[in-house]
file start_7.cif (mmCIF, N, CA and C atoms)
data_protein
#
loop_
_atom_site.label_atom_id
_atom_site.label_comp_id
_atom_site.auth_asym_id
_atom_site.auth_seq_id
_atom_site.Cartn_x
_atom_site.Cartn_y
_atom_site.Cartn_z
N MET U 3 -52.87 -20.48 54.35
CA MET U 3 -53.94 -20.83 53.45
C MET U 3 -53.58 -22.14 52.75
N ARG U 4 -54.50 -23.08 52.77
CA ARG U 4 -54.29 -24.37 52.12
C ARG U 4 -54.75 -24.29 50.67
N ASN U 5 -54.09 -25.03 49.81
CA ASN U 5 -54.50 -25.04 48.42
C ASN U 5 -55.38 -26.25 48.15
N GLU U 6 -55.94 -26.33 46.96
CA GLU U 6 -56.86 -27.40 46.63
C GLU U 6 -56.26 -28.37 45.61
N THR U 7 -54.96 -28.52 45.60
CA THR U 7 -54.33 -29.43 44.65
C THR U 7 -54.25 -30.84 45.20
N GLY U 8 -54.61 -31.06 46.42
CA GLY U 8 -54.55 -32.38 47.01
C GLY U 8 -53.23 -32.68 47.68
N LEU U 9 -52.29 -31.76 47.62
CA LEU U 9 -50.98 -31.99 48.24
C LEU U 9 -50.99 -31.63 49.72
N GLY U 10 -51.93 -30.83 50.16
CA GLY U 10 -52.02 -30.45 51.56
C GLY U 10 -50.92 -29.51 52.01
N LEU U 11 -50.34 -28.76 51.10
CA LEU U 11 -49.27 -27.83 51.43
C LEU U 11 -49.78 -26.40 51.36
N SER U 12 -49.16 -25.51 52.10
CA SER U 12 -49.55 -24.11 52.03
C SER U 12 -49.09 -23.50 50.71
N THR U 13 -49.68 -22.36 50.40
CA THR U 13 -49.36 -21.69 49.14
C THR U 13 -47.90 -21.26 49.10
N ASN U 14 -47.38 -20.77 50.21
CA ASN U 14 -45.98 -20.35 50.24
C ASN U 14 -45.03 -21.53 50.06
N THR U 15 -45.38 -22.67 50.62
CA THR U 15 -44.56 -23.87 50.45
C THR U 15 -44.56 -24.30 48.98
N LEU U 16 -45.74 -24.27 48.36
CA LEU U 16 -45.82 -24.63 46.94
C LEU U 16 -45.01 -23.68 46.08
N ARG U 17 -45.05 -22.41 46.40
CA ARG U 17 -44.26 -21.43 45.64
C ARG U 17 -42.77 -21.70 45.79
N SER U 18 -42.34 -22.03 46.99
CA SER U 18 -40.93 -22.33 47.22
C SER U 18 -40.49 -23.57 46.45
N ILE U 19 -41.32 -24.61 46.48
CA ILE U 19 -41.00 -25.83 45.73
C ILE U 19 -40.97 -25.53 44.24
N ALA U 20 -41.92 -24.73 43.76
CA ALA U 20 -41.98 -24.40 42.34
C ALA U 20 -40.73 -23.66 41.88
N VAL U 21 -40.32 -22.66 42.64
CA VAL U 21 -39.13 -21.89 42.26
C VAL U 21 -37.88 -22.78 42.31
N THR U 22 -37.80 -23.64 43.31
CA THR U 22 -36.66 -24.56 43.41
C THR U 22 -36.61 -25.49 42.20
N LEU U 23 -37.75 -26.04 41.81
CA LEU U 23 -37.78 -26.92 40.64
C LEU U 23 -37.42 -26.17 39.36
N MET U 24 -37.88 -24.94 39.24
CA MET U 24 -37.55 -24.17 38.04
C MET U 24 -36.05 -23.87 37.97
N VAL U 25 -35.45 -23.52 39.10
CA VAL U 25 -34.01 -23.25 39.12
C VAL U 25 -33.22 -24.52 38.82
N MET U 26 -33.66 -25.65 39.43
CA MET U 26 -33.00 -26.93 39.14
C MET U 26 -33.12 -27.29 37.66
N GLY U 27 -34.30 -27.07 37.10
CA GLY U 27 -34.51 -27.37 35.69
C GLY U 27 -33.62 -26.55 34.78
N ILE U 28 -33.52 -25.27 35.07
CA ILE U 28 -32.65 -24.41 34.26
C ILE U 28 -31.19 -24.84 34.40
N ALA U 29 -30.79 -25.21 35.61
CA ALA U 29 -29.40 -25.65 35.82
C ALA U 29 -29.13 -26.94 35.05
N PHE U 30 -30.05 -27.91 35.09
CA PHE U 30 -29.86 -29.15 34.36
C PHE U 30 -29.82 -28.90 32.86
N LEU U 31 -30.73 -28.06 32.37
CA LEU U 31 -30.76 -27.78 30.94
C LEU U 31 -29.50 -27.05 30.48
N ALA U 32 -29.07 -26.07 31.24
CA ALA U 32 -27.86 -25.33 30.87
C ALA U 32 -26.63 -26.22 30.95
N GLY U 33 -26.53 -27.00 32.03
CA GLY U 33 -25.40 -27.92 32.16
C GLY U 33 -25.38 -28.95 31.05
N GLY U 34 -26.55 -29.49 30.73
CA GLY U 34 -26.63 -30.47 29.65
C GLY U 34 -26.26 -29.88 28.30
N LEU U 35 -26.72 -28.67 28.04
CA LEU U 35 -26.39 -28.02 26.77
C LEU U 35 -24.90 -27.75 26.65
N ILE U 36 -24.32 -27.22 27.71
CA ILE U 36 -22.88 -26.91 27.68
C ILE U 36 -22.06 -28.19 27.54
N TRP U 37 -22.42 -29.21 28.29
CA TRP U 37 -21.69 -30.47 28.25
C TRP U 37 -21.84 -31.14 26.88
N ASP U 38 -23.05 -31.05 26.31
CA ASP U 38 -23.28 -31.66 25.01
C ASP U 38 -22.51 -30.94 23.91
N MET U 39 -22.37 -29.65 24.01
CA MET U 39 -21.61 -28.89 23.00
C MET U 39 -20.12 -29.20 23.08
N ASN U 40 -19.68 -29.68 24.25
CA ASN U 40 -18.27 -30.05 24.40
C ASN U 40 -18.04 -31.54 24.22
N GLY U 41 -18.99 -32.22 23.58
CA GLY U 41 -18.80 -33.64 23.29
C GLY U 41 -19.11 -34.56 24.43
N GLY U 42 -20.23 -34.34 25.09
CA GLY U 42 -20.62 -35.17 26.23
C GLY U 42 -21.08 -36.56 25.80
N PRO U 43 -21.30 -37.44 26.76
CA PRO U 43 -21.72 -38.81 26.46
C PRO U 43 -23.16 -38.88 25.94
N SER U 44 -23.55 -40.03 25.41
CA SER U 44 -24.87 -40.17 24.81
C SER U 44 -25.99 -40.20 25.85
N TRP U 45 -25.70 -40.63 27.07
CA TRP U 45 -26.74 -40.68 28.10
C TRP U 45 -27.08 -39.29 28.65
N LEU U 46 -26.39 -38.28 28.18
CA LEU U 46 -26.65 -36.91 28.62
C LEU U 46 -28.07 -36.48 28.25
N HIS U 47 -28.65 -37.14 27.27
CA HIS U 47 -30.02 -36.85 26.86
C HIS U 47 -30.99 -36.94 28.04
N ALA U 48 -30.73 -37.85 28.97
CA ALA U 48 -31.59 -38.00 30.14
C ALA U 48 -31.57 -36.75 31.01
N PHE U 49 -30.44 -36.07 31.12
CA PHE U 49 -30.36 -34.84 31.91
C PHE U 49 -31.28 -33.77 31.35
N THR U 50 -31.32 -33.66 30.02
CA THR U 50 -32.17 -32.63 29.42
C THR U 50 -33.65 -32.95 29.66
N TRP U 51 -34.00 -34.24 29.66
CA TRP U 51 -35.38 -34.62 29.95
C TRP U 51 -35.73 -34.29 31.40
N VAL U 52 -34.85 -34.59 32.32
CA VAL U 52 -35.09 -34.29 33.73
C VAL U 52 -35.18 -32.78 33.94
N GLY U 53 -34.30 -32.04 33.30
CA GLY U 53 -34.34 -30.58 33.41
C GLY U 53 -35.61 -29.99 32.85
N GLY U 54 -36.06 -30.51 31.71
CA GLY U 54 -37.31 -30.04 31.12
C GLY U 54 -38.50 -30.35 31.99
N TRP U 55 -38.51 -31.57 32.57
CA TRP U 55 -39.61 -31.94 33.46
C TRP U 55 -39.62 -31.04 34.70
N ALA U 56 -38.47 -30.83 35.31
CA ALA U 56 -38.40 -30.02 36.53
C ALA U 56 -38.86 -28.59 36.27
N PHE U 57 -38.42 -28.01 35.17
CA PHE U 57 -38.82 -26.65 34.86
C PHE U 57 -40.31 -26.58 34.57
N GLY U 58 -40.81 -27.50 33.77
CA GLY U 58 -42.23 -27.51 33.43
C GLY U 58 -43.12 -27.73 34.64
N TYR U 59 -42.76 -28.67 35.50
CA TYR U 59 -43.57 -28.94 36.68
C TYR U 59 -43.49 -27.77 37.66
N GLY U 60 -42.35 -27.09 37.70
CA GLY U 60 -42.23 -25.90 38.53
C GLY U 60 -43.16 -24.80 38.07
N VAL U 61 -43.28 -24.62 36.76
CA VAL U 61 -44.20 -23.62 36.22
C VAL U 61 -45.64 -23.99 36.57
N VAL U 62 -45.99 -25.27 36.41
CA VAL U 62 -47.34 -25.72 36.73
C VAL U 62 -47.65 -25.50 38.21
N LEU U 63 -46.72 -25.83 39.09
CA LEU U 63 -46.94 -25.62 40.52
C LEU U 63 -47.08 -24.14 40.86
N LEU U 64 -46.27 -23.31 40.21
CA LEU U 64 -46.35 -21.87 40.48
C LEU U 64 -47.70 -21.32 40.06
N VAL U 65 -48.19 -21.72 38.90
CA VAL U 65 -49.51 -21.27 38.43
C VAL U 65 -50.60 -21.81 39.35
N SER U 66 -50.48 -23.06 39.76
CA SER U 66 -51.46 -23.66 40.66
C SER U 66 -51.50 -22.94 42.00
N ALA U 67 -50.34 -22.61 42.53
CA ALA U 67 -50.28 -21.89 43.81
C ALA U 67 -50.89 -20.50 43.69
N ARG U 68 -50.63 -19.85 42.59
CA ARG U 68 -51.19 -18.51 42.37
C ARG U 68 -52.70 -18.56 42.24
N ARG U 69 -53.20 -19.55 41.50
CA ARG U 69 -54.65 -19.66 41.32
C ARG U 69 -55.35 -19.99 42.63
N SER U 70 -54.75 -20.85 43.44
CA SER U 70 -55.38 -21.19 44.71
C SER U 70 -55.31 -20.02 45.69
N ALA U 71 -54.32 -19.15 45.55
CA ALA U 71 -54.22 -17.99 46.43
C ALA U 71 -55.27 -16.94 46.07
N LEU U 72 -55.70 -16.93 44.83
CA LEU U 72 -56.69 -15.95 44.40
C LEU U 72 -58.11 -16.33 44.79
N LYS U 73 -58.31 -17.59 45.19
CA LYS U 73 -59.67 -18.04 45.56
C LYS U 73 -60.07 -17.55 46.92
#

call {"tool": "encode", "arguments": {"input": "start_7.cif", "output": "structure tokens"}}
result
Amino acid sequence: MRNETGLGLSTNTLRSIAVTLMVMGIAFLAGGLIWDMNGGPSWLHAFTWVGGWAFGYGVVLLVSARRSALK
């Protein structure tokens, strides 16, 4: 089943990408938090932004895939 997000990917592919992005986001956020608590460098702030983006976009893709599967 194709979705209507304009990406041209199947629903299962979108779900896989979404879960991967969410796991990557959690890993970046957790790693950044742990490293920052141990006195990490100032550019570590970029890791938390990337982790937040990856997790957030993963949630959006997962919701989008679910909504397109229900149509």

call {"tool": "atom_distance", "arguments": {"input": "start_7.cif", "atom1": "atom N of U:Val62", "atom2": "atom N of U:Thr22"}}
result
10.8 Å

call {"tool": "atom_distance", "arguments": {"input": "start_7.cif", "atom1": "atom C of U:Leu31", "atom2": "atom C of U:Trp55"}}
result
11.7 Å

call {"tool": "select_by_dssp", "arguments": {"input": "start_7.cif", "residues": "chain U", "states": "alpha helix (DSSP H)", "output": "number ranges by chain"}}
result
U: 13-39, 47-72

call {"tool": "write_last_selection", "arguments": {"input": "start_7.cif", "atoms": "N, CA and C atoms", "output": "compact mmCIF listing (two decimals), in the coordinates of the input"}}
result
# COMPACT_ATOMS: atom_id res chain seq x y z
N THR U 13 -49.68 -22.36 50.40
CA THR U 13 -49.36 -21.69 49.14
C THR U 13 -47.90 -21.26 49.10
N ASN U 14 -47.38 -20.77 50.21
CA ASN U 14 -45.98 -20.35 50.24
C ASN U 14 -45.03 -21.53 50.06
N THR U 15 -45.38 -22.67 50.62
CA THR U 15 -44.56 -23.87 50.45
C THR U 15 -44.56 -24.30 48.98
N LEU U 16 -45.74 -24.27 48.36
CA LEU U 16 -45.82 -24.63 46.94
C LEU U 16 -45.01 -23.68 46.08
N ARG U 17 -45.05 -22.41 46.40
CA ARG U 17 -44.26 -21.43 45.64
C ARG U 17 -42.77 -21.70 45.79
N SER U 18 -42.34 -22.03 46.99
CA SER U 18 -40.93 -22.33 47.22
C SER U 18 -40.49 -23.57 46.45
N ILE U 19 -41.32 -24.61 46.48
CA ILE U 19 -41.00 -25.83 45.73
C ILE U 19 -40.97 -25.53 44.24
N ALA U 20 -41.92 -24.73 43.76
CA ALA U 20 -41.98 -24.40 42.34
C ALA U 20 -40.73 -23.66 41.88
N VAL U 21 -40.32 -22.66 42.64
CA VAL U 21 -39.13 -21.89 42.26
C VAL U 21 -37.88 -22.78 42.31
N THR U 22 -37.80 -23.64 43.31
CA THR U 22 -36.66 -24.56 43.41
C THR U 22 -36.61 -25.49 42.20
N LEU U 23 -37.75 -26.04 41.81
CA LEU U 23 -37.78 -26.92 40.64
C LEU U 23 -37.42 -26.17 39.36
N MET U 24 -37.88 -24.94 39.24
CA MET U 24 -37.55 -24.17 38.04
C MET U 24 -36.05 -23.87 37.97
N VAL U 25 -35.45 -23.52 39.10
CA VAL U 25 -34.01 -23.25 39.12
C VAL U 25 -33.22 -24.52 38.82
N MET U 26 -33.66 -25.65 39.43
CA MET U 26 -33.00 -26.93 39.14
C MET U 26 -33.12 -27.29 37.66
N GLY U 27 -34.30 -27.07 37.10
CA GLY U 27 -34.51 -27.37 35.69
C GLY U 27 -33.62 -26.55 34.78
N ILE U 28 -33.52 -25.27 35.07
CA ILE U 28 -32.65 -24.41 34.26
C ILE U 28 -31.19 -24.84 34.40
N ALA U 29 -30.79 -25.21 35.61
CA ALA U 29 -29.40 -25.65 35.82
C ALA U 29 -29.13 -26.94 35.05
N PHE U 30 -30.05 -27.91 35.09
CA PHE U 30 -29.86 -29.15 34.36
C PHE U 30 -29.82 -28.90 32.86
N LEU U 31 -30.73 -28.06 32.37
CA LEU U 31 -30.76 -27.78 30.94
C LEU U 31 -29.50 -27.05 30.48
N ALA U 32 -29.07 -26.07 31.24
CA ALA U 32 -27.86 -25.33 30.87
C ALA U 32 -26.63 -26.22 30.95
N GLY U 33 -26.53 -27.00 32.03
CA GLY U 33 -25.40 -27.92 32.16
C GLY U 33 -25.38 -28.95 31.05
N GLY U 34 -26.55 -29.49 30.73
CA GLY U 34 -26.63 -30.47 29.65
C GLY U 34 -26.26 -29.88 28.30
N LEU U 35 -26.72 -28.67 28.04
CA LEU U 35 -26.39 -28.02 26.77
C LEU U 35 -24.90 -27.75 26.65
N ILE U 36 -24.32 -27.22 27.71
CA ILE U 36 -22.88 -26.91 27.68
C ILE U 36 -22.06 -28.19 27.54
N TRP U 37 -22.42 -29.21 28.29
CA TRP U 37 -21.69 -30.47 28.25
C TRP U 37 -21.84 -31.14 26.88
N ASP U 38 -23.05 -31.05 26.31
CA ASP U 38 -23.28 -31.66 25.01
C ASP U 38 -22.51 -30.94 23.91
N MET U 39 -22.37 -29.65 24.01
CA MET U 39 -21.61 -28.89 23.00
C MET U 39 -20.12 -29.20 23.08
N HIS U 47 -28.65 -37.14 27.27
CA HIS U 47 -30.02 -36.85 26.86
C HIS U 47 -30.99 -36.94 28.04
N ALA U 48 -30.73 -37.85 28.97
CA ALA U 48 -31.59 -38.00 30.14
C ALA U 48 -31.57 -36.75 31.01
N PHE U 49 -30.44 -36.07 31.12
CA PHE U 49 -30.36 -34.84 31.91
C PHE U 49 -31.28 -33.77 31.35
N THR U 50 -31.32 -33.66 30.02
CA THR U 50 -32.17 -32.63 29.42
C THR U 50 -33.65 -32.95 29.66
N TRP U 51 -34.00 -34.24 29.66
CA TRP U 51 -35.38 -34.62 29.95
C TRP U 51 -35.73 -34.29 31.40
N VAL U 52 -34.85 -34.59 32.32
CA VAL U 52 -35.09 -34.29 33.73
C VAL U 52 -35.18 -32.78 33.94
N GLY U 53 -34.30 -32.04 33.30
CA GLY U 53 -34.34 -30.58 33.41
C GLY U 53 -35.61 -29.99 32.85
N GLY U 54 -36.06 -30.51 31.71
CA GLY U 54 -37.31 -30.04 31.12
C GLY U 54 -38.50 -30.35 31.99
N TRP U 55 -38.51 -31.57 32.57
CA TRP U 55 -39.61 -31.94 33.46
C TRP U 55 -39.62 -31.04 34.70
N ALA U 56 -38.47 -30.83 35.31
CA ALA U 56 -38.40 -30.02 36.53
C ALA U 56 -38.86 -28.59 36.27
N PHE U 57 -38.42 -28.01 35.17
CA PHE U 57 -38.82 -26.65 34.86
C PHE U 57 -40.31 -26.58 34.57
N GLY U 58 -40.81 -27.50 33.77
CA GLY U 58 -42.23 -27.51 33.43
C GLY U 58 -43.12 -27.73 34.64
N TYR U 59 -42.76 -28.67 35.50
CA TYR U 59 -43.57 -28.94 36.68
C TYR U 59 -43.49 -27.77 37.66
N GLY U 60 -42.35 -27.09 37.70
CA GLY U 60 -42.23 -25.90 38.53
C GLY U 60 -43.16 -24.80 38.07
N VAL U 61 -43.28 -24.62 36.76
CA VAL U 61 -44.20 -23.62 36.22
C VAL U 61 -45.64 -23.99 36.57
N VAL U 62 -45.99 -25.27 36.41
CA VAL U 62 -47.34 -25.72 36.73
C VAL U 62 -47.65 -25.50 38.21
N LEU U 63 -46.72 -25.83 39.09
CA LEU U 63 -46.94 -25.62 40.52
C LEU U 63 -47.08 -24.14 40.86
N LEU U 64 -46.27 -23.31 40.21
CA LEU U 64 -46.35 -21.87 40.48
C LEU U 64 -47.70 -21.32 40.06
N VAL U 65 -48.19 -21.72 38.90
CA VAL U 65 -49.51 -21.27 38.43
C VAL U 65 -50.60 -21.81 39.35
N SER U 66 -50.48 -23.06 39.76
CA SER U 66 -51.46 -23.66 40.66
C SER U 66 -51.50 -22.94 42.00
N ALA U 67 -50.34 -22.61 42.53
CA ALA U 67 -50.28 -21.89 43.81
C ALA U 67 -50.89 -20.50 43.69
N ARG U 68 -50.63 -19.85 42.59
CA ARG U 68 -51.19 -18.51 42.37
C ARG U 68 -52.70 -18.56 42.24
N ARG U 69 -53.20 -19.55 41.50
CA ARG U 69 -54.65 -19.66 41.32
C ARG U 69 -55.35 -19.99 42.63
N SER U 70 -54.75 -20.85 43.44
CA SER U 70 -55.38 -21.19 44.71
C SER U 70 -55.31 -20.02 45.69
N ALA U 71 -54.32 -19.15 45.55
CA ALA U 71 -54.22 -17.99 46.43
C ALA U 71 -55.27 -16.94 46.07
N LEU U 72 -55.70 -16.93 44.83
CA LEU U 72 -56.69 -15.95 44.40
C LEU U 72 -58.11 -16.33 44.79

call {"tool": "atom_distance", "arguments": {"input": "start_7.cif", "atom1": "atom C of U:Gly58", "atom2": "atom N of U:Ile28"}}
result
9.9 Å

call {"tool": "residues_around", "arguments": {"input": "start_7.cif", "residues": "stretch 59-61 of chain U", "least_positions_apart": "3", "cutoff": "6 Å", "atoms": "only C-alpha atoms", "output": "VMD selection string"}}
result
chain U and resid 20 23 to 24 55 to 56 64

call {"tool": "resolve_selection", "arguments": {"input": "start_7.cif", "expression": "the PyMOL selection byres ((chain U and resi 17) around 8)", "output": "number ranges by chain"}}
result
U: 11-16, 18-23, 63-68

call {"tool": "residues_around", "arguments": {"input": "start_7.cif", "residues": "U:His47", "least_positions_apart": "4", "cutoff": "12 Å", "atoms": "only C-alpha atoms", "output": "list of chain:residue names"}}
result
U:Phe30, U:Leu31, U:Gly33, U:Gly34, U:Leu35, U:Trp37, U:Asp38, U:Gly42, U:Pro43, U:Trp51, U:Val52, U:Gly53, U:Gly54

call {"tool": "axis_aligned_box", "arguments": {"input": "start_7.cif", "around": "stretch 53-67 of chain U", "padding_each_side": "6 Å", "output": "AutoDock Vina command-line options"}}
result
--center_x -42.9 --center_y -26.3 --center_z 37.5 --size_x 29.2 --size_y 23.5 --size_z 24.7
